[in-house]
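Source file final_25.txt; content: compact mmCIF, C-alpha atoms and all ligand atoms.
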```txt
# COMPACT_ATOMS: atom_id res chain seq x y z
CA MET C 122 -31.73 45.90 14.97
CA HIS C 123 -33.94 47.34 12.30
CA GLU C 124 -34.70 50.38 14.40
CA HIS C 125 -31.00 51.19 14.72
CA LYS C 126 -30.62 51.01 11.00
CA GLU C 127 -33.33 53.58 10.48
CA GLN C 128 -31.61 55.87 12.93
CA GLY C 129 -28.47 55.49 10.86
CA SER C 130 -26.37 54.27 13.76
CA VAL C 131 -22.76 53.68 12.85
CA LEU C 132 -22.53 50.64 15.07
CA ASP C 133 -25.27 48.78 13.31
CA GLY C 134 -24.97 46.49 10.33
CA ARG C 135 -22.24 44.30 8.99
CA GLU C 136 -19.40 46.69 9.84
CA ASN C 137 -19.73 46.17 13.53
CA SER C 138 -21.07 42.65 13.58
CA ASP C 139 -17.45 41.65 14.10
CA GLY C 140 -16.51 44.57 16.31
CA LEU C 141 -14.82 46.93 13.88
CA TRP C 142 -15.22 49.99 16.11
CA ARG C 143 -13.37 49.86 19.39
CA CYS C 144 -13.29 51.76 22.68
CA PRO C 145 -10.34 54.15 22.45
CA LYS C 146 -9.67 53.67 26.16
CA CYS C 147 -9.59 49.89 26.65
CA TRP C 148 -10.14 48.45 23.14
CA GLY C 149 -13.42 46.84 24.21
CA GLU C 150 -16.42 46.51 21.91
CA LEU C 151 -19.02 49.26 21.81
CA ASP C 152 -22.76 49.06 22.48
CA VAL C 153 -25.41 51.46 21.28
CA ILE C 154 -27.45 52.66 24.26
CA SER C 155 -29.31 55.36 22.38
CA ASN C 156 -28.70 57.87 19.61
CA GLU C 157 -27.04 60.09 22.22
CA SER C 158 -25.02 57.48 24.06
CA ILE C 159 -22.58 54.70 23.23
CA LYS C 160 -21.14 52.47 25.93
CA CYS C 161 -18.03 50.30 26.11
CA GLN C 162 -18.86 46.68 27.00
CA LEU C 163 -15.55 46.24 28.78
CA CYS C 164 -14.69 49.39 30.76
CA HIS C 165 -18.26 50.77 30.75
CA GLU C 166 -17.12 54.21 29.63
CA ASN C 167 -20.02 56.23 28.21
CA TYR C 168 -19.40 58.16 25.03
CA PRO C 169 -21.68 60.94 23.86
CA ALA C 170 -23.17 60.60 20.40
CA VAL C 171 -25.07 62.85 18.04
CA GLU C 172 -27.60 61.13 15.79
CA GLY C 173 -25.90 57.84 16.69
CA ILE C 174 -22.42 59.03 15.69
CA PRO C 175 -20.13 58.34 18.66
CA ASP C 176 -17.70 60.96 19.89
CA LEU C 177 -14.55 58.91 20.52
CA ARG C 178 -12.12 61.82 20.73
CA MET C 179 -11.67 61.56 24.51
CA GLY C 180 -9.86 64.87 24.97
CA LYS C 181 -6.96 63.64 22.87
CA GLY C 182 -6.93 67.00 21.15
CA ASP C 183 -8.00 70.36 22.52
CA ALA C 184 -10.71 69.37 25.02
CA LEU C 185 -12.28 72.82 24.97
CA TRP C 186 -12.60 72.81 21.20
CA GLU C 187 -14.06 69.28 21.30
CA GLU C 188 -16.73 70.40 23.75
CA HIS C 189 -17.52 73.44 21.64
CA ASP C 190 -17.72 71.33 18.46
CA LEU C 191 -19.99 68.78 20.14
CA GLN C 192 -22.41 71.48 21.25
CA LEU C 193 -22.31 73.09 17.84
CA ALA C 194 -23.04 69.72 16.23
CA GLN C 195 -26.06 69.16 18.50
CA ARG C 196 -27.45 72.59 17.62
CA TYR C 197 -26.66 72.13 13.93
CA SER C 198 -28.29 68.69 13.91
CA ALA C 199 -31.54 70.18 15.24
CA GLU C 200 -31.42 73.20 12.94
CA VAL C 201 -30.83 71.37 9.67
CA GLN C 202 -33.23 68.54 10.42
CA LYS C 203 -35.66 69.40 7.64
CA GLU C 204 -33.51 71.56 5.38
CA SER C 205 -32.41 70.87 1.83
CA LEU C 206 -28.90 69.54 1.29
CA GLU C 207 -27.83 72.87 -0.15
CA THR C 208 -29.02 74.76 2.94
CA VAL C 209 -27.31 72.20 5.19
CA MET C 210 -23.99 72.79 3.42
CA LYS C 211 -24.52 76.56 3.28
CA GLN C 212 -24.86 76.60 7.02
CA LEU C 213 -21.76 74.40 7.39
CA SER C 214 -19.75 76.89 5.32
CA ASP C 215 -21.21 79.90 7.10
CA ARG C 216 -18.13 80.91 9.06
CA PRO C 217 -16.99 84.42 9.95
CA GLU C 218 -13.81 84.00 7.86
CA ASN C 219 -15.69 83.02 4.68
CA THR C 220 -16.78 85.77 2.33
CA GLN C 221 -20.08 85.33 0.50
CA GLU C 222 -18.11 84.34 -2.58
CA THR C 223 -16.00 81.75 -0.73
CA GLN C 224 -19.12 80.28 0.86
CA VAL C 225 -20.81 79.83 -2.53
CA MET C 226 -17.63 78.20 -3.87
CA ARG C 227 -17.35 75.83 -0.89
CA VAL C 228 -20.99 74.72 -1.18
CA LYS C 229 -20.49 74.04 -4.87
CA GLN C 230 -17.33 72.01 -4.10
CA ILE C 231 -19.13 69.98 -1.42
CA LEU C 232 -22.13 69.15 -3.60
CA GLY C 233 -19.90 68.29 -6.55
CA ALA C 234 -17.51 66.12 -4.51
CA PRO C 235 -19.18 62.72 -5.13
CA SER C 236 -18.87 63.01 -8.91
CA LYS C 237 -15.31 64.32 -8.56
CA PHE C 238 -14.38 61.17 -6.61
CA LEU C 239 -16.23 58.90 -9.02
CA ARG C 240 -13.97 60.21 -11.81
CA GLN C 241 -10.89 59.59 -9.65
CA PHE C 242 -11.99 55.96 -9.16
CA ASP C 243 -10.98 55.43 -12.78
CA GLY C 244 -7.62 57.04 -12.14
CA TRP C 245 -5.26 57.10 -9.20
CA LEU C 246 -7.87 55.74 -6.74
CA LYS C 247 -8.44 52.60 -8.81
CA PRO C 248 -6.33 50.32 -6.56
CA CYS C 249 -8.42 51.45 -3.57
CA VAL C 250 -11.79 50.62 -5.12
CA SER C 251 -10.88 47.46 -7.04
CA GLY C 252 -11.38 44.99 -4.19
CA ASP C 253 -14.52 44.25 -2.21
CA GLY C 254 -13.14 44.91 1.27
CA LEU C 255 -13.98 47.74 3.63
CA LEU C 256 -12.67 51.27 2.99
CA LEU C 257 -11.84 53.92 5.57
CA ASP C 258 -11.92 57.62 4.73
CA ILE C 259 -9.89 59.61 7.26
CA GLY C 260 -11.06 63.21 7.50
CA CYS C 261 -14.22 62.43 5.56
CA GLY C 262 -15.52 66.01 6.00
CA SER C 263 -18.97 66.40 4.49
CA GLY C 264 -19.00 62.87 3.08
CA GLY C 265 -18.39 63.28 -0.66
CA PHE C 266 -16.05 60.31 -0.86
CA LEU C 267 -18.42 58.06 1.11
CA VAL C 268 -21.32 58.92 -1.20
CA ALA C 269 -19.14 57.97 -4.18
CA THR C 270 -18.09 54.59 -2.73
CA GLU C 271 -21.66 53.80 -1.71
CA SER C 272 -22.89 54.56 -5.23
CA ILE C 273 -20.64 51.81 -6.63
CA GLY C 274 -21.64 49.39 -3.90
CA LEU C 275 -18.48 49.49 -1.78
CA GLY C 276 -18.60 49.36 2.01
CA ALA C 277 -16.89 52.33 3.61
CA VAL C 278 -16.62 53.99 6.99
CA GLY C 279 -15.55 57.55 7.75
CA ILE C 280 -13.97 59.38 10.62
CA ASP C 281 -13.51 63.09 11.13
CA ALA C 282 -12.18 65.24 13.97
CA SER C 283 -15.28 67.43 13.79
CA MET C 284 -18.72 66.18 14.80
CA THR C 285 -20.29 69.11 12.96
CA ASN C 286 -18.74 67.87 9.70
CA LEU C 287 -20.06 64.39 10.43
CA ILE C 288 -23.65 65.62 10.82
CA ALA C 289 -23.31 67.20 7.38
CA ALA C 290 -21.78 63.96 6.04
CA LYS C 291 -24.66 61.93 7.45
CA ARG C 292 -27.21 64.16 5.67
CA MET C 293 -25.23 63.97 2.45
CA ILE C 294 -25.05 60.15 2.56
CA GLU C 295 -28.71 59.73 3.50
CA VAL C 296 -29.96 62.14 0.83
CA HIS C 297 -28.12 59.94 -1.68
CA GLY C 298 -29.87 56.89 -0.29
CA GLY C 299 -27.00 55.41 1.71
CA THR C 300 -26.39 54.49 5.35
CA ALA C 301 -23.85 56.53 7.29
CA ARG C 302 -21.13 54.62 9.14
CA LEU C 303 -19.23 57.34 10.95
CA ALA C 304 -17.31 58.10 14.12
CA CYS C 305 -15.77 61.24 15.50
CA ALA C 306 -12.10 60.52 16.16
CA TYR C 307 -8.56 61.59 15.37
CA ALA C 308 -6.38 60.12 12.66
CA GLU C 309 -3.65 59.56 15.28
CA SER C 310 -5.84 57.21 17.33
CA LEU C 311 -8.30 55.34 15.15
CA PRO C 312 -11.02 53.54 17.15
CA ILE C 313 -10.76 50.64 14.72
CA LYS C 314 -9.54 47.07 15.05
CA SER C 315 -6.18 46.25 13.41
CA GLY C 316 -5.80 44.71 9.96
CA ARG C 317 -9.43 45.06 8.89
CA ILE C 318 -9.36 47.75 6.22
CA SER C 319 -8.67 47.19 2.51
CA ALA C 320 -8.01 50.82 1.64
CA VAL C 321 -7.47 54.01 3.59
CA THR C 322 -8.02 57.33 1.86
CA MET C 323 -7.07 60.81 3.03
CA ASN C 324 -8.36 63.50 0.73
CA ASP C 325 -6.98 66.90 1.69
CA SER C 326 -6.82 65.94 5.33
CA ILE C 327 -3.23 64.95 6.18
CA GLU C 328 -2.28 68.65 6.25
CA HIS C 329 -4.61 69.09 9.26
CA VAL C 330 -3.41 66.30 11.55
CA THR C 331 -1.26 66.99 14.60
CA SER C 332 1.19 64.15 13.95
CA VAL C 333 1.75 62.96 10.39
CA ARG C 334 4.02 60.16 11.58
CA THR C 335 1.45 58.70 13.99
CA THR C 336 -1.27 59.07 11.35
CA ILE C 337 0.74 57.00 8.86
CA ALA C 338 1.46 54.39 11.56
CA GLU C 339 -2.27 54.18 12.38
CA ALA C 340 -3.23 53.81 8.73
CA TYR C 341 -0.67 51.00 8.51
CA ARG C 342 -2.09 49.31 11.60
CA VAL C 343 -5.70 49.17 10.42
CA LEU C 344 -4.78 48.07 6.87
CA LYS C 345 -4.67 44.48 5.73
CA ILE C 346 -1.50 43.24 4.06
CA GLU C 347 -1.74 44.34 0.40
CA GLY C 348 -4.11 47.12 1.48
CA HIS C 349 -3.84 50.55 -0.14
CA LEU C 350 -3.32 54.00 1.26
CA ALA C 351 -4.11 57.00 -0.94
CA ILE C 352 -3.28 60.54 0.15
CA SER C 353 -3.89 63.79 -1.69
CA THR C 354 -2.72 67.10 -0.27
CA PRO C 355 -1.86 70.64 -1.34
CA ASN C 356 1.84 71.25 -1.92
CA ARG C 357 3.65 73.48 0.56
CA PHE C 358 5.78 75.09 -2.14
CA SER C 359 2.99 75.56 -4.67
CA LEU C 360 3.20 78.66 -6.82
CA THR C 361 -0.56 79.07 -6.50
CA ARG C 362 -2.53 80.45 -3.56
CA GLU C 363 -2.67 78.58 -0.26
CA PRO C 364 -6.03 76.81 -0.76
CA HIS C 365 -7.40 77.27 2.79
CA VAL C 366 -6.78 80.99 3.22
CA LEU C 367 -6.46 81.88 -0.48
CA ILE C 368 -3.31 83.99 -0.26
CA TRP C 369 0.05 83.56 -1.96
CA GLY C 370 3.38 82.54 -0.53
CA VAL C 371 2.41 81.10 2.87
CA GLY C 372 4.29 77.82 2.39
CA TRP C 373 7.54 79.52 1.36
CA LEU C 374 7.87 81.11 4.78
CA PRO C 375 9.50 79.30 7.69
CA ARG C 376 6.75 77.53 9.68
CA ARG C 377 7.01 79.78 12.70
CA PHE C 378 6.13 82.84 10.60
CA GLN C 379 3.21 81.35 8.63
CA ALA C 380 0.42 81.99 11.14
CA ARG C 381 1.67 85.53 11.81
CA TYR C 382 1.82 86.25 8.10
CA VAL C 383 -1.76 85.02 7.53
CA ARG C 384 -3.00 87.07 10.49
CA TRP C 385 -1.21 90.16 9.18
CA ARG C 386 -2.55 89.75 5.62
CA ILE C 387 -6.17 88.78 6.26
CA ALA C 388 -6.64 88.77 10.06
CA GLN C 389 -7.35 85.03 10.20
CA ALA C 390 -6.03 82.18 12.31
CA TYR C 391 -3.83 79.56 10.62
CA ASP C 392 -3.69 77.00 13.43
CA HIS C 393 -4.48 73.53 12.25
CA THR C 394 -2.98 73.56 8.79
CA ARG C 395 0.55 72.48 8.01
CA LEU C 396 1.26 71.98 4.32
CA MET C 397 4.15 69.68 3.50
CA SER C 398 6.52 69.46 0.57
CA THR C 399 6.85 66.08 -1.13
CA TRP C 400 10.24 65.80 0.50
CA GLU C 401 8.78 66.36 3.97
CA LEU C 402 5.98 63.82 3.49
CA SER C 403 8.37 61.29 1.97
CA ARG C 404 10.60 61.59 5.04
CA GLU C 405 7.60 60.83 7.30
CA PHE C 406 6.66 57.83 5.16
CA LYS C 407 10.13 56.36 5.41
CA THR C 408 9.77 56.11 9.20
CA GLN C 409 7.05 53.47 8.71
CA ASP C 410 8.40 50.12 7.51
CA GLY C 411 6.11 47.94 5.43
CA PHE C 412 4.83 50.49 2.92
CA SER C 413 5.86 50.82 -0.69
CA PHE C 414 4.82 54.21 -2.04
CA GLU C 415 5.02 56.51 -5.02
CA PHE C 416 4.26 60.17 -5.62
CA ILE C 417 1.85 61.23 -8.34
CA VAL C 418 1.66 64.65 -9.99
CA PRO C 419 -2.06 65.03 -10.72
CA LEU C 420 -3.55 66.97 -13.61
CA VAL C 421 -6.00 69.77 -12.92
CA PRO C 422 -9.40 68.14 -13.66
CA THR C 423 -10.99 69.38 -16.90
CA GLU C 424 -14.33 69.90 -15.12
CA GLU C 425 -12.65 72.31 -12.71
CA ILE C 426 -10.89 74.22 -15.46
CA GLU C 427 -14.28 74.94 -17.03
CA ASN C 428 -15.17 77.05 -13.97
CA PHE C 429 -11.89 79.02 -13.98
CA PRO C 430 -11.59 82.61 -15.23
CA PRO C 431 -9.88 82.72 -18.70
CA LEU C 432 -6.28 83.40 -17.61
CA ARG C 433 -6.33 80.79 -14.87
CA ALA C 434 -7.93 78.28 -17.27
CA ALA C 435 -5.19 78.88 -19.83
CA LEU C 436 -2.48 78.41 -17.20
CA ALA C 437 -4.12 75.22 -15.93
CA LYS C 438 -4.29 73.78 -19.45
CA LEU C 439 -0.62 74.65 -20.00
CA TYR C 440 0.21 73.02 -16.66
CA ASN C 441 -1.66 69.85 -17.62
CA ARG C 442 0.22 69.71 -20.90
CA ILE C 443 3.74 70.11 -19.55
CA CYS C 444 3.45 68.24 -16.27
CA GLN C 445 3.28 65.04 -18.26
CA TRP C 446 6.81 65.63 -19.54
CA ARG C 447 8.92 63.15 -17.65
CA VAL C 448 11.95 65.43 -17.31
CA LEU C 449 9.87 68.10 -15.59
CA ARG C 450 8.40 65.72 -13.02
CA PRO C 451 10.84 66.63 -10.21
CA ILE C 452 9.98 70.29 -10.71
CA PHE C 453 6.24 69.70 -10.48
CA LEU C 454 6.68 67.50 -7.44
CA PHE C 455 8.41 70.53 -5.93
CA ILE C 456 6.17 73.43 -7.00
CA GLY C 457 2.95 71.87 -8.38
CA PRO C 458 -0.29 72.98 -6.68
CA PHE C 459 -0.95 69.58 -5.15
CA TYR C 460 0.30 66.01 -5.17
CA GLN C 461 -0.83 62.49 -4.32
CA ILE C 462 0.74 59.46 -2.70
CA SER C 463 -0.29 55.97 -3.62
CA ALA C 464 0.99 53.44 -1.07
CA ARG C 465 0.59 49.73 -0.46
CA ARG C 466 1.12 47.77 2.71
CA ILE C 467 3.62 45.09 1.69
CA ALA C 468 4.46 43.59 5.07
ZN ZN B 1 -13.58 50.66 27.12
```
Please go through the file and, once you have read it, give me the structure as structure tokens.
Amino acid sequence: MHEHKEQGSVLDGRENSDGLWRCPKCWGELDVISNESIKCQLCHENYPAVEGIPDLRMGKGDALWEEHDLQLAQRYSAEVQKESLETVMKQLSDRPENTQETQVMRVKQILGAPSKFLRQFDGWLKPCVSGDGLLLDIGCGSGGFLVATESIGLGAVGIDASMTNLIAAKRMIEVHGGTARLACAYAESLPIKSGRISAVTMNDSIEHVTSVRTTIAEAYRVLKIEGHLAISTPNRFSLTREPHVLIWGVGWLPRRFQARYVRWRIAQAYDHTRLMSTWELSREFKTQDGFSFEFIVPLVPTEEIENFPPLRAALAKLYNRICQWRVLRPIFLFIGPFYQISARRIA
């Protein structure tokens, strides 16, 4: 038992003492065989694992990409074994499409994420962190949110579609003195028992799922009654740059032209990103009975404005001032840079 804990296995500890994680194939309970292998007690399916993090994706997405990501994660895990957190994140952001400048910005964002979330705990995320139940972060990326919850003593688990991200998340959590409780899985098929989670968070991740409708249904399934769901996402019709590829106007094009436009402008793929308008996300939400929800127009955080160039800083301050005017709310829900949804499972 103790040995598993030191290895940081996700299946160890209180979270799985009552079988939180489930076999995606037969819903059986999972057993840790080693840091590289997890086995289902019921159907005996073997799942690969990296550093104890099980890969429960099961070819539900692009099987070729999954295989590639798993291999990359194994290599990455070995390479960053003894590196500093900054180097770990630098390597994670070292992608052909990232310029030097973008890479530096991403690393800064990743390392600053825990304190960013801590500030949000006093704001729109307050309902999610007020109880003492278990939290689930869907699309936990490099773990900033999980570090923040851990630092205030809340239990939380994270899933991400990329094992490589999860290796980075595990480092991030452990460097901050926590224990990683992670699994590689898709938002559309959570390997988690129903009705066990007090709050589900999705920070800039719903725009990357394949099915928004199924994702919302899955979040609903794992939540307890009175549980909270908090989603933040960039706005499709924002007047600012598309935050993933950093060019203007992508969202205003019909969907079928977006990828072609991005390729033409900057020769990059735009495959797994689908920004939604508030109207589009609201329509998806209405297909799931049992949620009450409201949209929030968030302010640009003061700490972020401090890093902006002068003109952008001035515009952001102006935005923060006028987006609090009630009559302008519908406009900012339509064209603001990003928005949030705060939902509660009522039935
Ligand atoms: Zn099974």
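Within the 9 Å cut-off around Ile368 in chain C, using only C-alpha atoms and omitting residues fewer than 6 positions from it on the same chain, the listed residues are Thr361, Arg362, Val383, Arg386 and Ile387 of chain C.
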Go ahead and write the selection's residues with C-alpha atoms as a JSON list (two decimals), in the frame of the given file.
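Result file is part_37.json:
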```json
[["chain", "number", "residue", "atom", "x", "y", "z"],
["C", 361, "THR", "CA", -0.56, 79.07, -6.50],
["C", 362, "ARG", "CA", -2.53, 80.45, -3.56],
["C", 383, "VAL", "CA", -1.76, 85.02, 7.53],
["C", 386, "ARG", "CA", -2.55, 89.75, 5.62],
["C", 387, "ILE", "CA", -6.17, 88.78, 6.26]]
```
Exercise: range 241-246 of chain C partners within 12 Å, all atoms listed in the file, chain neighbours under 5 positions left out, as a VMD selection string: chain C and resid 234 to 236 251 to 252 256 266 269 to 270 272 to 273 275 320 to 324 349 to 353 415 to 422 460 to 464
Among listed residues C:Arg196, C:Arg450, C:Lys181, C:His165, nearest ligand ZN 1 (chain B) (using all atoms listed in the file):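 When distances to ligand ZN 1 (chain B) are compared using all atoms listed in the file, the smallest one comes from C:His165.
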Close residues to ligand ZN 1 (chain B) using only C-alpha atoms and all ligand atoms, limit 10 Å, as a list in words: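 Checking only C-alpha atoms and all ligand atoms against ligand ZN 1 (chain B) at 10 Å gives Arg143, Cys144, Pro145, Lys146, Cys147, Trp148, Gly149, Glu150, Leu151, Lys160, Cys161, Gln162, Leu163, Cys164, His165, Glu166, Asn167 and Tyr168 of chain C.
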Distance of CA of Phe453 in chain C from CA of Ser398 in chain C, expressed in Å to one decimal place: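 One can read the CA of Ser398 in chain C to CA of Phe453 in chain C distance as 11.1 Å.
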Close residues, Gly298 in chain C itself excluded, 12 Å, only C-alpha atoms, min 4 positions apart in chain, as a list in words: Glu127, Gly129, Leu267, Val268, Ala269, Glu271, Ser272, Gly274, Lys291, Arg292, Met293 and Ile294 of chain C
Best match for closeness to Leu213 in chain C among C:Leu257, C:Ala289, C:Ile174, C:Ala277, counting all atoms listed in the file: C:Ala289
Which of C:Ala340, C:Ile452, C:Ala437, C:Ile231 sits closest to Ile259 in chain C [using only C-alpha atoms]: C:Ala340
Non-local contacts of Leu232 in chain C (10 Å; all atoms listed in the file; under 2 positions in same chain excluded) as a PyMOL selection string: chain C and resi 206-207+210+227-230+234-237+263-265+293
Interatomic distance, CA of Ser214 in chain C to CA of Ala199 in chain C (Å, one decimal):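 For CA of Ser214 in chain C relative to CA of Ala199 in chain C, the distance reads 16.8 Å.
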Near-Leu402 in chain C list (10 Å; all atoms listed in the file; drop same-chain fewer than 4 positions) as a PyMOL selection string: chain C and resi 327-328+333-334+396-398+406-407+416+462
Separation of CA of Ile337 in chain C from CA of Ser310 in chain C, in Å and rounded to one decimal: 10.7 Å
From C:Trp142, C:Phe455, C:Phe412, C:Tyr440, residue lying nearest Ile280 in chain C [all atoms listed in the file]: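 Among the listed residues, C:Trp142 lies closest to Ile280 in chain C.
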Nearest candidate to Trp186 in chain C (options C:Ile313, C:Ser403, C:Ser283, C:Glu218; using all atoms listed in the file):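 Of C:Ile313, C:Ser403, C:Ser283, C:Glu218, the one nearest Trp186 in chain C is C:Ser283, counting all atoms listed in the file.
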Find the smallest box with edges along x, y and z containing every listed atom of range 176-193 of chain C, then add 5 Å on each side and report centre and edge lengths in Å to one decimal, as JSON.
```
{"center_x": -14.7, "center_y": 66.2, "center_z": 21.4, "size_x": 25.5, "size_y": 24.5, "size_z": 17.2}
```
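Considering only C-alpha atoms, the residue among C:Thr335, C:Thr285, C:Gln221, C:Ser158 positioned nearest to Gln192 in chain C is C:Thr285.
Near (-1.7, 84.8, 1.6), the residues inside the 12 Å limit, counting only C-alpha atoms, come to C:Leu360, C:Thr361, C:Arg362, C:Glu363, C:Pro364, C:His365, C:Val366, C:Leu367, C:Ile368, C:Trp369, C:Gly370, C:Val371, C:Gly372, C:Trp373, C:Leu374, C:Gln379, C:Ala380, C:Arg381, C:Tyr382, C:Val383, C:Arg384, C:Trp385, C:Arg386, C:Ile387, C:Ala388, C:Gln389, C:Ala390, C:Tyr391.
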Regenerate range 423-441 of chain C at the level of N, CA and C atoms and dump it as a PDB file, in the frame of the given file.
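Contents of result_29.pdb, as written:
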```pdb
ATOM      1  N   THR C 423     -10.371  68.574 -15.832  1.00  0.00           N
ATOM      2  CA  THR C 423     -10.990  69.380 -16.900  1.00  0.00           C
ATOM      3  C   THR C 423     -12.268  70.063 -16.414  1.00  0.00           C
ATOM      4  N   GLU C 424     -13.054  69.334 -15.601  1.00  0.00           N
ATOM      5  CA  GLU C 424     -14.330  69.900 -15.120  1.00  0.00           C
ATOM      6  C   GLU C 424     -14.078  71.139 -14.261  1.00  0.00           C
ATOM      7  N   GLU C 425     -12.944  71.146 -13.534  1.00  0.00           N
ATOM      8  CA  GLU C 425     -12.650  72.310 -12.710  1.00  0.00           C
ATOM      9  C   GLU C 425     -12.188  73.479 -13.559  1.00  0.00           C
ATOM     10  N   ILE C 426     -11.411  73.156 -14.593  1.00  0.00           N
ATOM     11  CA  ILE C 426     -10.890  74.220 -15.460  1.00  0.00           C
ATOM     12  C   ILE C 426     -12.045  74.996 -16.098  1.00  0.00           C
ATOM     13  N   GLU C 427     -13.121  74.285 -16.399  1.00  0.00           N
ATOM     14  CA  GLU C 427     -14.280  74.940 -17.030  1.00  0.00           C
ATOM     15  C   GLU C 427     -14.844  76.080 -16.177  1.00  0.00           C
ATOM     16  N   ASN C 428     -14.649  75.991 -14.855  1.00  0.00           N
ATOM     17  CA  ASN C 428     -15.170  77.050 -13.970  1.00  0.00           C
ATOM     18  C   ASN C 428     -14.153  78.157 -13.706  1.00  0.00           C
ATOM     19  N   PHE C 429     -12.927  78.019 -14.237  1.00  0.00           N
ATOM     20  CA  PHE C 429     -11.890  79.020 -13.980  1.00  0.00           C
ATOM     21  C   PHE C 429     -12.108  80.258 -14.852  1.00  0.00           C
ATOM     22  N   PRO C 430     -11.654  81.432 -14.351  1.00  0.00           N
ATOM     23  CA  PRO C 430     -11.590  82.610 -15.230  1.00  0.00           C
ATOM     24  C   PRO C 430     -10.569  82.351 -16.357  1.00  0.00           C
ATOM     25  N   PRO C 431     -10.659  83.063 -17.500  1.00  0.00           N
ATOM     26  CA  PRO C 431      -9.880  82.720 -18.700  1.00  0.00           C
ATOM     27  C   PRO C 431      -8.369  82.537 -18.478  1.00  0.00           C
ATOM     28  N   LEU C 432      -7.734  83.478 -17.777  1.00  0.00           N
ATOM     29  CA  LEU C 432      -6.280  83.400 -17.610  1.00  0.00           C
ATOM     30  C   LEU C 432      -5.890  82.150 -16.821  1.00  0.00           C
ATOM     31  N   ARG C 433      -6.632  81.931 -15.720  1.00  0.00           N
ATOM     32  CA  ARG C 433      -6.330  80.790 -14.870  1.00  0.00           C
ATOM     33  C   ARG C 433      -6.577  79.486 -15.637  1.00  0.00           C
ATOM     34  N   ALA C 434      -7.618  79.460 -16.456  1.00  0.00           N
ATOM     35  CA  ALA C 434      -7.930  78.280 -17.270  1.00  0.00           C
ATOM     36  C   ALA C 434      -6.799  77.987 -18.244  1.00  0.00           C
ATOM     37  N   ALA C 435      -6.283  79.046 -18.872  1.00  0.00           N
ATOM     38  CA  ALA C 435      -5.190  78.880 -19.830  1.00  0.00           C
ATOM     39  C   ALA C 435      -3.950  78.325 -19.140  1.00  0.00           C
ATOM     40  N   LEU C 436      -3.651  78.875 -17.958  1.00  0.00           N
ATOM     41  CA  LEU C 436      -2.480  78.410 -17.200  1.00  0.00           C
ATOM     42  C   LEU C 436      -2.652  76.948 -16.781  1.00  0.00           C
ATOM     43  N   ALA C 437      -3.860  76.591 -16.366  1.00  0.00           N
ATOM     44  CA  ALA C 437      -4.120  75.220 -15.930  1.00  0.00           C
ATOM     45  C   ALA C 437      -3.952  74.241 -17.095  1.00  0.00           C
ATOM     46  N   LYS C 438      -4.433  74.651 -18.272  1.00  0.00           N
ATOM     47  CA  LYS C 438      -4.290  73.780 -19.450  1.00  0.00           C
ATOM     48  C   LYS C 438      -2.815  73.595 -19.808  1.00  0.00           C
ATOM     49  N   LEU C 439      -2.064  74.702 -19.723  1.00  0.00           N
ATOM     50  CA  LEU C 439      -0.620  74.650 -20.000  1.00  0.00           C
ATOM     51  C   LEU C 439       0.054  73.707 -18.988  1.00  0.00           C
ATOM     52  N   TYR C 440      -0.339  73.873 -17.729  1.00  0.00           N
ATOM     53  CA  TYR C 440       0.210  73.020 -16.660  1.00  0.00           C
ATOM     54  C   TYR C 440      -0.048  71.547 -16.970  1.00  0.00           C
ATOM     55  N   ASN C 441      -1.298  71.239 -17.318  1.00  0.00           N
ATOM     56  CA  ASN C 441      -1.660  69.850 -17.620  1.00  0.00           C
ATOM     57  C   ASN C 441      -0.829  69.285 -18.771  1.00  0.00           C
TER      58      ASN C 441
END
```
